[in-house]
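Structure file input.tsv; described as TSV, C-alpha atoms and all ligand atoms.
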chain	number	residue	atom	x	y	z
A	42	MET	CA	103.81	135.43	176.94
A	43	PRO	CA	104.01	134.25	173.31
A	44	MET	CA	106.61	131.66	172.47
A	45	LEU	CA	109.11	132.35	169.69
A	46	ILE	CA	107.47	129.73	167.49
A	47	ASP	CA	104.22	131.77	167.58
A	48	THR	CA	105.94	134.69	165.88
A	49	ILE	CA	107.44	132.69	163.02
A	50	ASP	CA	104.67	130.24	162.28
A	51	ASP	CA	103.99	129.80	158.56
A	52	ALA	CA	100.33	128.92	157.96
A	53	THR	CA	101.02	127.25	154.61
A	54	ALA	CA	103.72	125.03	156.07
A	55	ARG	CA	101.60	124.26	159.15
A	56	ALA	CA	98.69	123.17	156.91
A	57	ALA	CA	100.96	121.02	154.71
A	58	CYS	CA	102.35	119.28	157.79
A	59	ALA	CA	98.87	118.70	159.20
A	60	ARG	CA	97.63	117.20	155.90
A	61	LEU	CA	100.40	114.62	156.17
A	62	ALA	CA	99.85	113.94	159.88
A	63	ASN	CA	103.11	115.69	160.88
A	64	ARG	CA	105.06	112.64	159.69
A	65	PRO	CA	108.84	113.19	159.46
A	66	ASP	CA	109.03	110.68	156.59
A	67	ALA	CA	106.76	113.03	154.59
A	68	LEU	CA	109.28	115.91	154.78
A	69	ILE	CA	110.00	116.07	151.04
A	70	GLU	CA	106.32	115.91	150.15
A	71	ILE	CA	105.63	118.73	152.64
A	72	LEU	CA	108.44	120.84	151.18
A	73	HIS	CA	107.03	120.36	147.67
A	74	ALA	CA	103.61	121.45	148.92
A	75	VAL	CA	105.08	124.58	150.50
A	76	ARG	CA	107.07	125.42	147.35
A	77	ARG	CA	104.01	124.96	145.13
A	78	ALA	CA	101.86	127.16	147.37
A	79	SER	CA	104.39	129.87	148.25
A	80	GLY	CA	106.86	129.75	145.39
A	81	PHE	CA	109.77	129.18	147.76
A	82	VAL	CA	110.69	127.77	151.18
A	83	SER	CA	111.11	130.61	153.67
A	84	ASP	CA	112.92	130.65	157.02
A	85	ALA	CA	109.51	130.72	158.71
A	86	ALA	CA	108.39	127.65	156.77
A	87	ILE	CA	111.54	125.77	157.78
A	88	ALA	CA	111.02	126.66	161.44
A	89	THR	CA	107.35	125.68	161.29
A	90	ILE	CA	108.06	122.34	159.61
A	91	ALA	CA	110.82	121.55	162.09
A	92	ASP	CA	108.43	122.29	164.95
A	93	ALA	CA	105.56	120.26	163.48
A	94	LEU	CA	107.68	117.22	162.58
A	95	ASN	CA	109.80	117.39	165.75
A	96	LEU	CA	112.98	117.76	163.72
A	97	SER	CA	115.77	120.29	164.13
A	98	ARG	CA	115.84	123.27	161.76
A	99	ALA	CA	119.25	122.04	160.61
A	100	GLU	CA	117.72	118.73	159.53
A	101	VAL	CA	115.02	120.48	157.51
A	102	LEU	CA	117.48	123.01	156.06
A	103	GLY	CA	119.81	120.16	155.10
A	104	VAL	CA	117.10	118.61	152.94
A	105	VAL	CA	116.07	121.98	151.49
A	106	SER	CA	119.61	122.88	150.52
A	107	PHE	CA	120.31	119.44	149.00
A	108	TYR	CA	117.63	119.73	146.30
A	109	HIS	CA	117.69	122.52	143.68
A	110	ASP	CA	113.88	122.53	143.49
A	111	PHE	CA	113.52	123.97	146.98
A	112	ASN	CA	114.48	127.58	146.30
A	113	ARG	CA	114.94	129.79	149.37
A	114	ARG	CA	113.70	133.04	147.84
A	115	PRO	CA	111.02	133.89	145.29
A	116	ALA	CA	111.95	132.39	141.96
A	117	PRO	CA	113.29	134.78	139.32
A	118	ARG	CA	111.15	135.26	136.20
A	119	HIS	CA	113.68	133.40	134.04
A	120	VAL	CA	116.20	130.62	134.53
A	121	LEU	CA	119.16	130.17	132.20
A	122	LYS	CA	120.73	126.74	132.50
A	123	ILE	CA	124.22	126.69	131.03
A	124	CYS	CA	125.89	123.39	130.27
A	125	ARG	CA	129.28	123.00	131.97
A	126	ALA	CA	130.00	119.43	130.83
A	127	GLU	CA	132.96	118.31	128.71
A	128	ALA	CA	131.65	118.74	125.16
A	129	CYS	CA	130.44	122.26	125.88
A	130	GLN	CA	133.66	123.09	127.71
A	131	ALA	CA	135.56	122.00	124.59
A	132	SER	CA	133.57	124.46	122.50
A	133	GLY	CA	134.25	127.46	124.75
A	134	GLY	CA	131.44	127.03	127.26
A	135	GLU	CA	133.40	128.18	130.28
A	136	ALA	CA	134.18	131.57	128.76
A	137	VAL	CA	130.56	131.93	127.70
A	138	ALA	CA	129.32	131.03	131.19
A	139	THR	CA	131.75	133.43	132.85
A	140	ARG	CA	130.68	136.25	130.52
A	141	LEU	CA	126.96	135.66	131.21
A	142	GLU	CA	127.42	135.26	134.97
A	143	SER	CA	129.22	138.59	135.04
A	144	ALA	CA	126.70	140.29	132.75
A	145	PHE	CA	123.65	139.10	134.70
A	146	ALA	CA	125.10	139.57	138.20
A	147	SER	CA	123.04	142.71	138.76
A	148	ALA	CA	119.85	141.11	137.39
A	149	ALA	CA	119.65	138.16	139.78
A	150	ASP	CA	116.01	138.88	140.68
A	151	THR	CA	115.06	138.65	136.99
A	152	ILE	CA	117.24	135.86	135.68
A	153	GLU	CA	119.02	133.09	137.53
A	154	ILE	CA	121.94	131.23	136.00
A	155	ARG	CA	122.35	127.57	136.89
A	156	SER	CA	125.08	125.19	135.88
A	157	VAL	CA	123.92	121.89	134.44
A	158	TYR	CA	125.90	118.95	133.16
A	159	CYS	CA	124.75	117.99	129.68
A	160	LEU	CA	121.50	119.04	128.07
A	161	GLY	CA	121.70	116.41	125.36
A	162	ASN	CA	122.63	119.09	122.82
A	163	CYS	CA	126.38	118.41	122.77
A	164	ALA	CA	126.81	118.81	119.01
A	165	LEU	CA	125.65	122.41	119.27
A	166	GLY	CA	127.75	123.48	122.24
A	167	PRO	CA	128.03	125.65	124.09
A	168	ALA	CA	124.46	124.71	124.94
A	169	ALA	CA	121.94	126.34	127.24
A	170	LEU	CA	118.28	126.28	128.13
A	171	LEU	CA	116.45	129.57	128.67
A	172	ASP	CA	113.33	128.58	130.59
A	173	ASP	CA	112.09	125.84	128.20
A	174	ARG	CA	113.87	127.07	125.04
A	175	PRO	CA	117.02	125.20	124.00
A	176	ILE	CA	119.87	127.35	122.72
A	177	GLY	CA	122.75	125.93	120.70
A	178	ARG	CA	126.05	127.61	119.87
A	179	LEU	CA	125.34	130.05	122.66
A	180	ASP	CA	126.60	133.53	121.83
A	181	PRO	CA	126.59	135.55	125.07
A	182	ASP	CA	126.45	138.97	123.42
A	183	ALA	CA	123.57	137.92	121.16
A	184	LEU	CA	121.66	136.59	124.18
A	185	ILE	CA	122.29	139.77	126.17
A	186	ASP	CA	121.06	141.86	123.22
A	187	GLU	CA	117.98	139.67	122.79
A	188	LEU	CA	117.03	139.90	126.47
A	189	THR	CA	117.63	143.63	126.55
A	190	VAL	CA	115.59	144.32	123.41
A	191	SER	CA	112.74	142.08	124.59
A	192	GLY	CA	112.58	143.96	127.89
A	193	VAL	CA	113.52	140.99	130.07
A	194	LEU	CA	116.55	142.94	131.28
A	195	SER	CA	114.96	146.35	131.59
A	196	GLY	CA	117.72	147.72	133.81
A	197	GLY	CA	120.49	146.66	131.44
A	198	VAL	CA	123.45	144.48	132.30
A	199	GLU	CA	127.07	144.99	133.16
B	201	LIG	S1	127.99	118.47	127.06
B	201	LIG	FE1	126.81	120.28	126.89
B	201	LIG	S2	124.94	119.59	126.04
B	201	LIG	FE2	126.09	117.79	126.34
How would this structure read if it were set down as structure tokens?
Amino acid sequence: MPMLIDTIDDATARAACARLANRPDALIEILHAVRRASGFVSDAAIATIADALNLSRAEVLGVVSFYHDFNRRPAPRHVLKICRAEACQASGGEAVATRLESAFASAADTIEIRSVYCLGNCALGPAALLDDRPIGRLDPDALIDELTVSGVLSGGVE
């Protein structure tokens, strides 16, 4: 009779654990290896790592959820980081962020919005970073138009 762990074993995670001798102190390095290979850290990977390192799933999940880099689902094609720090708040950043979060709510598989706290572009707030492109004086409607025209948001936004 197969054990439950046999049905959820993640080969990528198992190999990453084996390369690092199933050492619990190598957990973060193993998680990075899984993320690089798979693009995200799945439930099966968490269960496999917990089994291999003799940790509880809660311990592994605690580390995964603490760090932004360990995404739990396939990464969206684009990430929009919106500054929520003081200088950008003073230039209307919260209203801009709220507008974009609402507009992109139905496009979460395509574009993910993350809050960040200062991008070093305070003089041009509200500031954002679309993938690697800095955006100053962020105009939400102009960004929505740009992404719609360029085909990034093929299904439109709300
Ligand atoms: S406070 Fe927004 S870029 Fe510095």
Checklist entry - Using only C-alpha atoms and all ligand atoms, which protein or nucleic acid residues are at most 12 Å from ligand LIG 201 (chain B), as a count of residues only? => result 35
Checklist entry - Nearest to Gly80 of chain A among A:Ala52, A:Arg98, A:Phe111, A:Ala67, with distances taken over only C-alpha atoms: which residue is it? => result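 The shortest atom-to-atom distance to Gly80 of chain A comes from A:Phe111.
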Checklist entry - Leu68 of chain A: which residues within 10 Å, counting all atoms listed in the file, same-chain residues fewer than 3 positions away excluded, as a list in words? => result Ala57, Cys58, Leu61, Asn63, Arg64, Pro65, Ile71, Leu72, His73, Ala74, Ile90, Ala91, Leu94, Leu96, Val101, Val104 and Val105 of chain A
Next on the checklist: To one decimal place in Å, what is the distance between atom CA of His109 of chain A and atom CA of Ala144 of chain A?
Outcome noted: 22.7 Å
Item to check | Using all atoms listed in the file: which of A:Ala93, A:Val193, A:Val75, A:Ile49 has the shortest distance to Ala62 of chain A | outcome: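 That would be A:Ala93, the residue with the smallest distance to Ala62 of chain A.
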Checklist entry - Which one of A:Ala148, A:Ala136, A:Ile185, A:Leu102 sits closest to Thr89 of chain A if you count all atoms listed in the file? => result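 Closest to Thr89 of chain A of all the choices is A:Leu102.
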Checklist entry - Got a sec to check which residues sit within 10 Å of (111.1, 131.1, 140.9), counting only C-alpha atoms, and write them as a PyMOL selection string? => result chain A and resi 76+80-81+110-120+150-153
Output segment 106-134 of chain A from the block with N, CA and C atoms, as a compact mmCIF listing (two decimals), in the first residue's frame?
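Wrote result22.txt, looks like this:
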# COMPACT_ATOMS: atom_id res chain seq x y z
N SER A 106 6.55 31.43 3.38
CA SER A 106 5.65 32.59 3.43
C SER A 106 6.34 33.84 3.96
N PHE A 107 7.48 33.68 4.63
CA PHE A 107 8.18 34.85 5.17
C PHE A 107 8.88 35.64 4.06
N TYR A 108 9.38 34.96 3.04
CA TYR A 108 10.16 35.62 1.99
C TYR A 108 9.32 35.79 0.72
N HIS A 109 9.30 37.01 0.18
CA HIS A 109 8.54 37.30 -1.04
C HIS A 109 9.04 36.49 -2.23
N ASP A 110 10.33 36.14 -2.25
CA ASP A 110 10.88 35.45 -3.42
C ASP A 110 10.30 34.06 -3.62
N PHE A 111 9.75 33.47 -2.58
CA PHE A 111 9.26 32.10 -2.71
C PHE A 111 7.77 32.13 -3.05
N ASN A 112 7.45 32.42 -4.30
CA ASN A 112 6.05 32.49 -4.71
C ASN A 112 5.43 31.09 -4.71
N ARG A 113 4.13 31.04 -4.37
CA ARG A 113 3.43 29.77 -4.20
C ARG A 113 2.64 29.35 -5.44
N ARG A 114 2.66 30.15 -6.46
CA ARG A 114 2.01 29.78 -7.72
C ARG A 114 2.89 30.30 -8.84
N PRO A 115 2.68 29.83 -10.06
CA PRO A 115 3.53 30.32 -11.16
C PRO A 115 3.52 31.84 -11.21
N ALA A 116 4.69 32.39 -11.42
CA ALA A 116 4.81 33.84 -11.42
C ALA A 116 4.03 34.45 -12.58
N PRO A 117 3.39 35.60 -12.35
CA PRO A 117 2.73 36.29 -13.45
C PRO A 117 3.79 36.83 -14.41
N ARG A 118 3.36 37.18 -15.62
CA ARG A 118 4.32 37.66 -16.63
C ARG A 118 4.93 39.00 -16.23
N HIS A 119 4.19 39.80 -15.48
CA HIS A 119 4.68 41.14 -15.11
C HIS A 119 4.43 41.40 -13.63
N VAL A 120 5.33 42.16 -13.04
CA VAL A 120 5.18 42.58 -11.64
C VAL A 120 5.25 44.10 -11.60
N LEU A 121 4.24 44.71 -11.00
CA LEU A 121 4.22 46.15 -10.81
C LEU A 121 4.41 46.43 -9.33
N LYS A 122 5.55 47.01 -9.00
CA LYS A 122 5.83 47.38 -7.61
C LYS A 122 5.45 48.84 -7.43
N ILE A 123 4.54 49.08 -6.52
CA ILE A 123 4.07 50.45 -6.27
C ILE A 123 4.59 50.89 -4.91
N CYS A 124 5.21 52.06 -4.89
CA CYS A 124 5.75 52.58 -3.64
C CYS A 124 4.62 53.07 -2.74
N ARG A 125 4.65 52.63 -1.48
CA ARG A 125 3.63 53.03 -0.50
C ARG A 125 4.26 53.83 0.63
N ALA A 126 5.50 54.29 0.45
CA ALA A 126 6.18 55.03 1.52
C ALA A 126 5.73 56.49 1.55
N GLU A 127 6.23 57.24 2.54
CA GLU A 127 5.69 58.55 2.88
C GLU A 127 5.70 59.55 1.73
N ALA A 128 6.83 59.70 1.05
CA ALA A 128 6.91 60.72 -0.01
C ALA A 128 5.90 60.42 -1.12
N CYS A 129 5.75 59.17 -1.46
CA CYS A 129 4.79 58.82 -2.51
C CYS A 129 3.36 58.93 -2.00
N GLN A 130 3.15 58.64 -0.73
CA GLN A 130 1.81 58.85 -0.15
C GLN A 130 1.44 60.32 -0.24
N ALA A 131 2.41 61.20 0.05
CA ALA A 131 2.15 62.64 0.03
C ALA A 131 1.83 63.15 -1.36
N SER A 132 2.23 62.42 -2.39
CA SER A 132 1.92 62.86 -3.75
C SER A 132 0.79 62.05 -4.37
N GLY A 133 -0.05 61.47 -3.52
CA GLY A 133 -1.26 60.80 -4.02
C GLY A 133 -1.10 59.32 -4.32
N GLY A 134 -0.06 58.71 -3.81
CA GLY A 134 0.23 57.32 -4.13
C GLY A 134 -0.83 56.32 -3.69
